[in-house]
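Peer 1: So I've got this file, final11.txt, and it contains compact mmCIF, C-alpha atoms and all ligand atoms:
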# COMPACT_ATOMS: atom_id res chain seq x y z
CA MET A 788 22.15 -4.25 12.01
CA THR A 789 23.71 -5.81 8.90
CA THR A 790 22.43 -8.89 7.07
CA LEU A 791 24.15 -10.90 4.37
CA ILE A 792 22.14 -13.04 1.95
CA ASP A 793 24.67 -15.27 0.27
CA ASN A 794 24.67 -17.93 -2.45
CA VAL A 795 21.60 -16.78 -4.37
CA LYS A 796 20.45 -16.01 -7.91
CA ILE A 797 19.34 -12.37 -7.84
CA PHE A 798 16.69 -10.82 -10.06
CA THR A 799 17.39 -7.20 -9.12
CA LEU A 800 14.90 -5.96 -11.77
CA GLY A 801 17.08 -2.85 -11.69
CA ASP A 802 20.25 -1.56 -13.31
CA GLN A 803 22.31 -4.53 -12.16
CA GLY A 804 20.14 -6.99 -14.07
CA THR A 805 20.18 -10.65 -13.05
CA ILE A 806 23.13 -12.05 -11.10
CA GLU A 807 23.47 -15.83 -11.48
CA ASN A 808 25.32 -16.44 -8.22
CA GLY A 809 25.84 -13.58 -5.82
CA TYR A 810 25.17 -11.93 -2.50
CA ILE A 811 23.14 -9.08 -1.05
CA LEU A 812 24.32 -6.97 1.84
CA ILE A 813 21.66 -5.12 3.83
CA LYS A 814 22.42 -2.36 6.31
CA GLY A 815 19.54 -1.21 8.50
CA ASP A 816 16.47 -1.01 6.30
CA ARG A 817 18.36 -0.45 3.03
CA PHE A 818 20.14 -2.56 0.43
CA GLN A 819 23.82 -1.68 0.64
CA GLU A 820 25.64 -3.87 -1.83
CA ILE A 821 24.63 -6.41 -4.49
CA ASN A 822 27.31 -8.34 -6.30
CA ALA A 823 28.34 -11.54 -8.02
CA GLY A 824 30.46 -14.07 -6.10
CA HIS A 825 30.64 -14.40 -2.35
CA SER A 826 31.25 -12.00 0.49
CA THR A 827 33.37 -12.74 3.53
CA ILE A 828 32.22 -9.60 5.32
CA ASN A 829 31.34 -9.95 8.99
CA CYS A 830 27.62 -9.46 9.50
CA ASP A 831 25.16 -9.56 12.39
CA LYS A 832 23.08 -12.06 10.49
CA LYS A 833 23.82 -14.40 7.61
CA ILE A 834 21.33 -16.24 5.42
CA ASP A 835 22.71 -19.02 3.25
CA GLY A 836 20.44 -18.94 0.22
CA GLN A 837 21.54 -22.42 -0.97
CA GLY A 838 21.10 -21.47 -4.60
CA MET A 839 17.58 -20.09 -4.18
CA VAL A 840 16.28 -17.08 -6.13
CA VAL A 841 15.82 -13.58 -4.73
CA LEU A 842 13.53 -10.99 -6.21
CA PRO A 843 11.89 -7.77 -5.01
CA GLY A 844 8.93 -8.39 -2.71
CA LEU A 845 5.60 -8.89 -4.50
CA VAL A 846 3.31 -5.88 -4.78
CA ASP A 847 -0.49 -6.16 -4.94
CA CYS A 848 -1.56 -2.66 -5.95
CA HIS A 849 -5.35 -3.17 -5.69
CA THR A 850 -6.87 -4.77 -2.58
CA HIS A 851 -9.85 -4.45 -0.21
CA LEU A 852 -8.44 -6.24 2.83
CA MET A 853 -9.42 -3.86 5.61
CA GLU A 854 -12.92 -2.67 4.83
CA TYR A 855 -15.07 -4.85 2.59
CA ALA A 856 -13.20 -8.12 3.18
CA THR A 857 -13.49 -7.87 6.96
CA ALA A 858 -17.26 -7.86 6.85
CA GLU A 859 -17.61 -10.37 4.04
CA LEU A 860 -14.85 -12.81 4.87
CA HIS A 861 -14.85 -12.68 8.67
CA GLN A 862 -18.27 -11.16 9.48
CA THR A 863 -16.54 -8.84 11.95
CA GLN A 864 -17.52 -5.35 13.05
CA GLY A 865 -16.31 -2.65 15.43
CA PRO A 866 -13.02 -3.37 17.22
CA ALA A 867 -12.88 -6.90 15.74
CA GLN A 868 -12.92 -5.41 12.26
CA LYS A 869 -9.42 -4.07 12.92
CA MET A 870 -8.22 -7.54 13.81
CA ALA A 871 -9.71 -8.98 10.64
CA GLY A 872 -7.94 -6.33 8.57
CA ILE A 873 -4.62 -7.10 10.20
CA ALA A 874 -5.19 -10.84 9.72
CA ASN A 875 -5.74 -10.26 6.00
CA LEU A 876 -2.60 -8.14 5.76
CA LEU A 877 -0.65 -10.93 7.49
CA THR A 878 -1.98 -13.38 4.91
CA ALA A 879 -0.63 -11.05 2.20
CA LEU A 880 2.76 -10.81 3.87
CA LYS A 881 2.98 -14.60 4.26
CA SER A 882 2.29 -14.84 0.52
CA GLY A 883 5.37 -12.74 -0.25
CA ILE A 884 3.51 -9.43 -0.69
CA VAL A 885 5.41 -6.53 0.89
CA ALA A 886 3.18 -3.68 -0.29
CA VAL A 887 -0.53 -3.36 -1.00
CA GLY A 888 -2.66 -0.68 -2.59
CA GLU A 889 -5.59 -0.75 -0.16
CA HIS A 890 -8.89 1.12 -0.34
CA HIS A 891 -11.15 3.09 1.94
CA LEU A 892 -14.33 3.66 -0.03
CA GLY A 893 -16.90 4.00 2.72
CA HIS A 894 -19.36 1.27 3.62
CA PRO A 895 -23.11 1.39 4.30
CA VAL A 896 -22.58 -0.01 7.83
CA LEU A 897 -18.88 0.05 8.83
CA SER A 898 -17.99 3.49 10.12
CA GLN A 899 -14.21 3.46 10.56
CA THR A 900 -12.59 6.65 9.35
CA THR A 901 -9.61 6.98 7.01
CA LYS A 902 -7.53 8.12 9.97
CA GLU A 903 -8.37 4.94 11.87
CA TYR A 904 -7.30 2.79 8.89
CA GLN A 905 -4.07 4.77 8.66
CA GLU A 906 -3.42 4.24 12.38
CA ILE A 907 -3.93 0.48 12.12
CA THR A 908 -1.31 0.15 9.39
CA ASN A 909 1.31 2.59 10.62
CA ASP A 910 3.65 0.17 12.37
CA LEU A 911 3.00 -3.02 10.41
CA PRO A 912 5.87 -4.67 8.51
CA ILE A 913 4.01 -4.32 5.20
CA ASP A 914 3.54 -1.10 3.21
CA VAL A 915 -0.14 -0.24 3.12
CA LYS A 916 -0.89 2.63 0.77
CA LEU A 917 -4.46 3.80 1.14
CA ALA A 918 -6.64 5.18 -1.65
CA THR A 919 -9.74 7.00 -0.48
CA GLY A 920 -12.71 7.33 -2.75
CA CYS A 921 -16.40 6.90 -3.31
CA CYS A 922 -18.08 3.79 -4.63
CA PHE A 923 -21.26 3.08 -6.59
CA ILE A 924 -22.69 -0.38 -5.94
CA GLY A 925 -24.93 -1.66 -8.75
CA THR A 926 -28.06 -2.30 -6.71
CA ASP A 927 -31.41 -0.89 -7.90
CA PRO A 928 -31.43 1.99 -7.08
CA LEU A 929 -27.63 2.46 -7.03
CA THR A 930 -25.97 2.64 -3.62
CA LEU A 931 -23.32 5.34 -3.20
CA VAL A 932 -20.84 5.39 -0.31
CA SER A 933 -17.73 7.45 0.34
CA ALA A 934 -14.64 7.49 2.55
CA ALA A 935 -15.71 10.95 3.67
CA HIS A 936 -19.01 9.56 5.04
CA PRO A 937 -18.22 6.10 6.46
CA GLY A 938 -21.17 4.09 7.76
CA ARG A 939 -23.95 5.52 5.62
CA ILE A 940 -25.36 5.69 2.11
CA ILE A 941 -24.90 9.12 0.53
CA ASP A 942 -26.57 11.26 -2.12
CA LYS A 943 -24.70 11.86 -5.38
CA ASP A 944 -25.78 15.49 -5.75
CA LYS A 945 -25.87 16.67 -2.12
CA ASP A 946 -22.90 14.85 -0.60
CA LEU A 947 -20.18 14.81 -3.27
CA THR A 948 -19.23 18.47 -2.95
CA ASP A 949 -15.89 19.90 -4.06
CA GLU A 950 -14.87 19.98 -0.38
CA VAL A 951 -15.58 16.26 -0.01
CA ILE A 952 -13.66 15.43 -3.20
CA LYS A 953 -10.76 17.50 -1.90
CA HIS A 954 -10.90 15.57 1.39
CA MET A 955 -10.54 12.30 -0.56
CA ALA A 956 -7.71 13.67 -2.69
CA ILE A 957 -5.71 14.90 0.29
CA ASN A 958 -6.08 11.56 2.11
CA SER A 959 -5.20 9.41 -0.91
CA ASP A 960 -1.73 7.85 -1.01
CA PHE A 961 -2.01 6.50 -4.56
CA PRO A 962 -4.35 6.47 -7.58
CA GLY A 963 -6.56 3.53 -6.62
CA GLU A 964 -10.31 3.30 -7.22
CA SER A 965 -10.88 6.95 -6.33
CA ILE A 966 -14.09 7.02 -8.37
CA PHE A 967 -16.33 4.37 -9.91
CA LEU A 968 -17.25 5.36 -13.46
CA ASN A 969 -19.31 2.19 -13.68
CA ALA A 970 -21.36 0.80 -10.83
CA THR A 971 -19.65 -2.25 -9.36
CA VAL A 972 -21.01 -5.73 -8.89
CA ALA A 973 -18.63 -5.95 -5.89
CA ASN A 974 -18.96 -9.40 -4.33
CA LEU A 975 -22.70 -9.57 -4.97
CA PRO A 976 -24.46 -11.95 -7.35
CA LEU A 977 -25.52 -10.15 -10.54
CA SER A 978 -29.17 -10.62 -9.53
CA VAL A 979 -28.62 -8.41 -6.45
CA ALA A 980 -26.61 -5.89 -8.48
CA PRO A 981 -28.62 -5.61 -11.70
CA LYS A 982 -27.26 -2.13 -12.42
CA ALA A 983 -23.61 -3.19 -12.25
CA GLY A 984 -21.75 -1.73 -15.20
CA GLN A 985 -24.02 1.29 -15.52
CA ILE A 986 -22.23 4.60 -16.17
CA THR A 987 -22.36 6.71 -13.01
CA PHE A 988 -21.01 10.19 -13.75
CA LYS A 989 -21.24 12.70 -16.59
CA TYR A 990 -18.02 13.90 -18.20
CA GLU A 991 -18.08 17.30 -16.43
CA LYS A 992 -18.20 15.66 -12.99
CA ILE A 993 -15.33 13.31 -13.89
CA LYS A 994 -13.30 16.27 -15.12
CA ASN A 995 -14.05 18.05 -11.83
CA PHE A 996 -12.78 15.04 -9.82
CA VAL A 997 -9.60 14.89 -11.92
CA ASN A 998 -8.96 18.63 -11.60
CA ILE A 999 -9.39 18.63 -7.82
CA PHE A 1000 -7.08 15.62 -7.37
CA HIS A 1001 -4.45 17.18 -9.62
CA ALA A 1002 -4.74 20.54 -7.83
CA CYS A 1003 -3.94 18.66 -4.59
CA GLY A 1004 -0.86 17.17 -6.26
CA LYS A 1005 -2.45 13.70 -6.43
CA LYS A 1006 -2.96 11.29 -9.28
CA ILE A 1007 -6.41 9.79 -9.70
CA GLY A 1008 -7.52 6.26 -10.53
CA ALA A 1009 -10.92 4.91 -11.48
CA HIS A 1010 -12.92 1.70 -11.51
CA ILE A 1011 -13.78 1.25 -15.18
CA GLU A 1012 -15.29 -1.28 -17.58
CA GLY A 1013 -15.99 -0.70 -21.26
CA ASP A 1014 -14.86 1.89 -23.80
CA ILE A 1015 -17.32 4.69 -22.97
CA ALA A 1016 -16.19 5.16 -19.35
CA ALA A 1017 -12.54 4.59 -20.28
CA GLU A 1018 -12.60 7.25 -22.99
CA MET A 1019 -14.29 9.79 -20.72
CA PHE A 1020 -11.65 9.20 -18.05
CA ILE A 1021 -8.73 9.40 -20.48
CA ASN A 1022 -10.09 12.61 -22.04
CA ALA A 1023 -10.62 14.11 -18.57
CA GLY A 1024 -6.91 13.61 -17.81
CA GLY A 1025 -7.24 10.59 -15.48
CA ASP A 1026 -4.13 8.63 -14.54
CA VAL A 1027 -4.88 4.97 -13.77
CA ILE A 1028 -7.65 2.68 -15.02
CA HIS A 1029 -8.46 -0.23 -12.71
CA HIS A 1030 -9.91 -3.40 -14.31
CA GLY A 1031 -10.56 -1.97 -17.80
CA HIS A 1032 -12.61 -5.06 -18.62
CA GLY A 1033 -14.19 -4.98 -22.05
CA ILE A 1034 -12.10 -2.11 -23.40
CA SER A 1035 -11.00 -2.30 -27.02
CA LYS A 1036 -7.55 -2.26 -28.54
CA GLN A 1037 -8.32 1.19 -29.89
CA VAL A 1038 -8.95 2.64 -26.42
CA ALA A 1039 -5.89 0.82 -25.08
CA GLY A 1040 -3.92 2.65 -27.78
CA LEU A 1041 -5.32 5.91 -26.44
CA MET A 1042 -4.21 4.92 -22.93
CA ALA A 1043 -0.68 4.33 -24.15
CA LYS A 1044 -0.66 7.68 -25.93
CA GLN A 1045 -1.93 9.59 -22.88
CA ASN A 1046 0.25 7.61 -20.46
CA VAL A 1047 -2.73 6.16 -18.57
CA SER A 1048 -1.75 3.02 -16.64
CA LEU A 1049 -3.81 -0.16 -16.33
CA VAL A 1050 -4.24 -2.26 -13.20
CA VAL A 1051 -5.31 -5.69 -14.40
CA THR A 1052 -7.51 -7.77 -12.06
CA PRO A 1053 -7.37 -11.24 -13.62
CA HIS A 1054 -10.38 -12.95 -12.11
CA GLY A 1055 -13.04 -10.27 -11.84
CA GLY A 1056 -14.07 -6.97 -10.29
CA THR A 1057 -16.65 -5.71 -12.79
CA SER A 1058 -19.80 -7.00 -14.48
CA SER A 1059 -17.83 -7.62 -17.72
CA LYS A 1060 -15.66 -10.57 -18.59
CA PRO A 1061 -12.13 -9.87 -17.28
CA LEU A 1062 -9.36 -9.16 -19.78
CA SER A 1063 -7.70 -12.36 -20.96
CA PRO A 1064 -3.93 -12.91 -20.99
CA GLU A 1065 -4.05 -12.42 -24.80
CA GLU A 1066 -5.83 -9.06 -24.50
CA VAL A 1067 -3.55 -7.82 -21.73
CA TYR A 1068 -0.54 -8.80 -23.81
CA GLN A 1069 -1.91 -6.85 -26.81
CA PHE A 1070 -2.34 -3.76 -24.62
CA TYR A 1071 1.18 -4.22 -23.25
CA LYS A 1072 2.61 -4.32 -26.76
CA LEU A 1073 0.75 -1.10 -27.56
CA GLY A 1074 2.79 0.51 -24.77
CA VAL A 1075 0.31 0.54 -21.87
CA ASN A 1076 1.99 0.48 -18.46
CA ILE A 1077 0.55 -2.58 -16.70
CA ALA A 1078 0.53 -3.97 -13.17
CA ILE A 1079 -1.44 -7.04 -12.09
CA ALA A 1080 -3.38 -7.05 -8.82
CA SER A 1081 -5.75 -9.35 -6.94
CA ASP A 1082 -8.66 -7.03 -5.95
CA SER A 1083 -8.88 -9.32 -2.87
CA TYR A 1084 -11.15 -10.58 -1.55
CA LEU A 1085 -13.24 -11.27 -4.62
CA PRO A 1086 -15.00 -14.28 -6.17
CA ALA A 1087 -14.05 -15.19 -9.75
CA HIS A 1088 -16.12 -13.89 -12.66
CA PRO A 1089 -17.87 -16.88 -14.30
CA GLU A 1090 -16.22 -16.10 -17.66
CA ALA A 1091 -12.60 -16.04 -16.40
CA ALA A 1092 -12.03 -19.40 -18.09
CA TRP A 1093 -8.22 -19.23 -17.91
CA LEU A 1094 -8.42 -19.62 -14.14
CA ASP A 1095 -9.33 -22.84 -12.45
CA LEU A 1096 -11.14 -21.55 -9.37
CA PRO A 1097 -14.04 -23.11 -7.47
CA GLN A 1098 -17.38 -21.32 -7.77
CA ASP A 1099 -18.06 -18.71 -5.07
CA TYR A 1100 -14.55 -19.13 -3.66
CA LEU A 1101 -13.24 -15.79 -2.41
CA VAL A 1102 -9.83 -15.16 -3.98
CA GLY A 1103 -7.38 -13.49 -1.62
CA PRO A 1104 -3.73 -12.44 -1.47
CA GLU A 1105 -2.81 -16.10 -0.82
CA ASP A 1106 -3.94 -16.72 -4.43
CA PHE A 1107 -1.93 -13.85 -5.94
CA LEU A 1108 0.52 -16.20 -7.69
CA LYS A 1109 -2.26 -18.48 -8.86
CA ILE A 1110 -4.27 -15.74 -10.58
CA THR A 1111 -1.29 -13.87 -12.04
CA SER A 1112 0.54 -16.96 -13.29
CA PRO A 1113 -1.50 -17.47 -16.52
CA PHE A 1114 -0.58 -13.91 -17.52
CA LEU A 1115 3.10 -14.23 -16.61
CA THR A 1116 3.51 -17.51 -18.45
CA TYR A 1117 1.62 -16.20 -21.49
CA PHE A 1118 3.93 -13.16 -21.69
CA LEU A 1119 6.94 -15.46 -21.34
CA ASP A 1120 5.63 -17.77 -24.09
CA GLN A 1121 5.41 -14.75 -26.41
CA GLY A 1122 9.14 -14.24 -25.93
CA GLU A 1123 9.15 -11.43 -23.36
CA PRO A 1124 12.25 -11.40 -21.11
CA LEU A 1125 11.70 -13.05 -17.72
CA GLU A 1126 12.76 -9.88 -15.90
CA ASP A 1127 10.13 -7.76 -17.71
CA VAL A 1128 7.49 -10.36 -16.89
CA LEU A 1129 8.37 -10.36 -13.17
CA GLU A 1130 7.95 -6.57 -13.12
CA LEU A 1131 4.20 -7.06 -13.64
CA ILE A 1132 3.81 -8.35 -10.05
CA THR A 1133 6.58 -6.33 -8.40
CA VAL A 1134 8.06 -3.02 -9.47
CA ASN A 1135 5.25 -1.90 -11.81
CA GLY A 1136 2.78 -1.99 -8.92
CA ARG A 1137 5.31 -0.32 -6.65
CA ARG A 1138 5.68 2.58 -9.06
CA LEU A 1139 1.92 3.11 -8.96
CA LEU A 1140 1.91 3.11 -5.16
CA SER A 1141 4.96 5.26 -4.63
CA ASN A 1142 5.14 9.01 -4.96
CA SER A 1143 8.91 8.97 -4.52
CA THR A 1144 11.61 7.84 -6.93
CA GLU A 1145 11.86 4.54 -5.05
CA ASN A 1146 11.06 1.83 -7.55
CA GLY A 1147 11.17 -1.39 -5.53
CA THR A 1148 14.17 -2.87 -7.34
CA ILE A 1149 17.05 -4.57 -5.52
CA THR A 1150 19.41 -1.64 -5.79
CA PRO A 1151 21.82 -0.06 -3.27
CA GLY A 1152 19.99 2.64 -1.31
CA ASN A 1153 16.51 1.22 -1.90
CA GLN A 1154 14.26 -0.04 0.90
CA ALA A 1155 15.42 -3.62 1.60
CA ASP A 1156 12.26 -5.56 0.68
CA CYS A 1157 12.74 -8.90 -1.05
CA ILE A 1158 11.73 -12.54 -1.09
CA ILE A 1159 13.92 -15.65 -1.20
CA CYS A 1160 12.26 -18.50 -3.04
CA GLN A 1161 12.95 -22.10 -3.99
CA GLN A 1162 11.48 -21.52 -7.45
CA ILE A 1163 10.53 -18.47 -9.49
CA PRO A 1164 7.13 -17.43 -8.10
CA GLY A 1165 4.30 -17.17 -10.61
CA ILE A 1166 6.42 -18.84 -13.30
CA GLU A 1167 7.80 -22.08 -11.90
CA THR A 1168 5.43 -22.33 -8.96
CA ILE A 1169 2.21 -20.91 -7.53
CA ASP A 1170 2.85 -22.45 -4.11
CA THR A 1171 3.53 -19.59 -1.69
CA THR A 1172 5.19 -21.96 0.80
CA THR A 1173 8.15 -22.15 -1.61
CA ILE A 1174 8.83 -18.54 -0.55
CA LYS A 1175 11.25 -19.31 2.28
CA TYR A 1176 11.97 -15.76 3.43
CA VAL A 1177 10.11 -12.49 3.24
CA ILE A 1178 12.44 -9.62 4.09
CA LYS A 1179 10.79 -6.30 4.93
CA ASN A 1180 12.80 -3.17 5.69
CA GLY A 1181 15.91 -5.33 6.04
CA GLN A 1182 14.38 -7.76 8.54
CA PRO A 1183 13.21 -11.32 7.93
CA VAL A 1184 9.50 -11.24 8.82
CA VAL A 1185 8.46 -14.60 7.39
CA VAL A 1186 10.88 -17.54 7.65
CA ARG A 1187 9.93 -21.05 6.52
CA ASN A 1188 12.42 -23.77 7.38
ZN ZN B 1201 -11.54 -3.03 -6.24
Could you render the structure as structure tokens?

Peer 2:
Amino acid sequence: MTTLIDNVKIFTLGDQGTIENGYILIKGDRFQEINAGHSTINCDKKIDGQGMVVLPGLVDCHTHLMEYATAELHQTQGPAQKMAGIANLLTALKSGIVAVGEHHLGHPVLSQTTKEYQEITNDLPIDVKLATGCCFIGTDPLTLVSAAHPGRIIDKDKDLTDEVIKHMAINSDFPGESIFLNATVANLPLSVAPKAGQITFKYEKIKNFVNIFHACGKKIGAHIEGDIAAEMFINAGGDVIHHGHGISKQVAGLMAKQNVSLVVTPHGGTSSKPLSPEEVYQFYKLGVNIAIASDSYLPAHPEAAWLDLPQDYLVGPEDFLKITSPFLTYFLDQGEPLEDVLELITVNGRRLLSNSTENGTITPGNQADCIICQQIPGIETIDTTTIKYVIKNGQPVVVRN
């Protein structure tokens, strides 16, 4: 099967840069040729782009669409929980997202295993990378759950053995929220999670987690707010900080030095005020590798003033452009090249999710995932219906006429 996308402006975000008017040839599930001008080649399928823009598919490298969102958004359980997870993934795909960094953290009631989550996502036309971990919820006393013990609350000292940590490491596809170094407020009101933000582990235990993950050949990520937890994680050799709300410029400098990446969640995810576009830009200029993610489904933190979101509204993948846009436009206003700015919601997240050399750019030989849009998403528009095509593995999977 060959597909030709013709008459488009192409942001390859790769070696070929931006092509003002060109074509993309796809063979099977791979990009074959990208060039300026037009192609007269005979193809099985031809898409006339009519001057629209093409860029790599969007990547949301931090989501909770299949476990926590199913219970909270849809109130589903058992076999219906699967359906809710798939419905959420479809919402992501329809929003132009071709890959998500999803989580299995364990849940006090839902008892699906990591294997079951993997089975659900195997044949879907969206890449679902799964991070397995354990999660501290900031109730009083703290509630601890883990992917290794789905469906029950566990004990920090008895249940988190080296064997269990190894189990999580082996099953983890990417460095998501493997451990929570601060208890999370999750989707609860602060009154129900009064201990949100509290430090959960001592340095030795964090170091043990990191060592076991690394011994299994896996990178490790952590849910973090504030300098104390961030510094412990960096010193322990951790790889990816998720949220990082409330961390200082000094600690961000340390992250850059130790090559620790930051997954920014613009509208919330911890008890602290989320990082503002100005702060994230400062960290970026210090050399921190940054990707922006939605942490869906999640209500907005009351102090995320740069976002105009209704109170208690659960932000999902359909809002990915809306919540990332203030950051993208701020970076652009500071004079950053458009291509570098677009990487924050595409290839940077892909690099975190991928353990291969595949980088998500529109480059011959790469997996043919891209979106064809009327306007530049996140910059010129936040309306996902302006994304006319979502192409996954070389096939149009969303087509809006
Ligand atoms: Zn999260």

Peer 1: Residues within 8 Å of ligand ZN 1201 (chain B) should be enumerated using only C-alpha atoms and all ligand atoms and returned as number ranges by chain.

Peer 2: A: 849-851, 890, 964, 973, 1010, 1029, 1056, 1082-1083

Peer 1: Can you tell me, as a ChimeraX atom specification, which residues sit within 7 Å of (22.0, -10.1, 6.8) in the file's frame, using all atoms listed in the file?

Peer 2: /A:789-792,812-813,830-834

Peer 1: How many Å lie between atom CA of A:Ile884 and atom CA of A:Val972, rounded to one decimal?

Peer 2: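 Computing the Euclidean distance for atom CA of A:Ile884 and atom CA of A:Val972 yields 26.1 Å.
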
Peer 1: Show me, as a list in words, the residues that have an atom within 6 Å of stretch 897-907 of chain A when counting only C-alpha atoms, minus same-chain residues fewer than 2 positions from it.

Peer 2: His894, Asn909, Pro937 and Gly938 of chain A

Peer 1: For A:Thr1133, which residue out of A:Ile1077, A:Val1027, A:Ala1087, A:Val1067 is the nearest one, using all atoms listed in the file?

Peer 2: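 Using all atoms listed in the file, the shortest distance to A:Thr1133 belongs to A:Ile1077.
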
Peer 1: Identify, on the basis of only C-alpha atoms, every residue whose closest approach to A:Ala1043 does not exceed 7 Å; exclude the query and any residue fewer than 2 positions from it along the same chain; express the result as a list in words.

Peer 2: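 Close residues of A:Ala1043: Ala1039, Gly1040, Leu1041, Gln1045, Asn1046, Val1047, Leu1073, Gly1074 and Val1075 of chain A.
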
Peer 1: Next, the residues of the selection above should be written as a PDB file, in the coordinates of the input with C-alpha atoms.

Peer 2:
ATOM      1  CA  ALA A1039      -5.890   0.820 -25.080  1.00  0.00           C
ATOM      2  CA  GLY A1040      -3.920   2.650 -27.780  1.00  0.00           C
ATOM      3  CA  LEU A1041      -5.320   5.910 -26.440  1.00  0.00           C
ATOM      4  CA  GLN A1045      -1.930   9.590 -22.880  1.00  0.00           C
ATOM      5  CA  ASN A1046       0.250   7.610 -20.460  1.00  0.00           C
ATOM      6  CA  VAL A1047      -2.730   6.160 -18.570  1.00  0.00           C
ATOM      7  CA  LEU A1073       0.750  -1.100 -27.560  1.00  0.00           C
ATOM      8  CA  GLY A1074       2.790   0.510 -24.770  1.00  0.00           C
ATOM      9  CA  VAL A1075       0.310   0.540 -21.870  1.00  0.00           C
TER      10      VAL A1075
END

Peer 1: Provide the atom CA of A:Leu975 to atom CA of A:Gln1098 distance in Å, to one decimal place.

Peer 2: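 Between these atoms lies a distance of 13.2 Å.
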
Peer 1: By how many Å are atom CA of A:Glu1105 and atom CA of A:Ala856 apart?

Peer 2: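 Those two atoms sit 13.7 Å apart.
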
Peer 1: Quick one: everything within 10 Å of stretch 1122-1132 of chain A, counting only C-alpha atoms, minus sequence neighbours fewer than 4 positions away in the same chain. Send it as number ranges by chain.

Peer 2: A: 798-801, 804-805, 842-848, 884, 1050-1051, 1076-1080, 1107-1108, 1111-1112, 1114-1118, 1136-1137, 1147-1148, 1163-1166

Peer 1: For stretch 819-867 of chain A versus stretch 872-879 of chain A, which residues have an atom no more than 9 Å away, and what is each residue's nearest atom pair and distance in Å rounded to one decimal, using all atoms listed in the file, chain-then-number order, as a tab-separated table?

Peer 2:
residue	atom	partner	partner_atom	distance
A:Asp847	CA	A:Ala879	CA	8.7
A:Leu852	CA	A:Gly872	CA	5.8
A:Met853	CA	A:Gly872	CA	4.1
A:Glu854	CA	A:Gly872	CA	7.2
A:Ala856	CA	A:Gly872	CA	7.7
A:Thr857	CA	A:Gly872	CA	6.0
A:Ala867	CA	A:Gly872	CA	8.7

Peer 1: Give me, as a list in words, all polymer residues having an atom no more than 12 Å from A:Lys992, counting all atoms listed in the file and skipping those fewer than 5 positions away in the same chain.

Peer 2: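 Contacts, with the query itself left out: Lys943, Asp944, Leu947, Thr948, Asp949, Ile952, Ile966, Phe967, Leu968, Thr987, Val997, Asn998, Ile999, Met1019, Phe1020 and Ala1023 of chain A.
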
Peer 1: Counting all atoms listed in the file, figure out which residue out of A:Ile821, A:Val885, A:Asn1135, A:Leu860 gets nearest to A:Gly1103.

Peer 2: A:Leu860
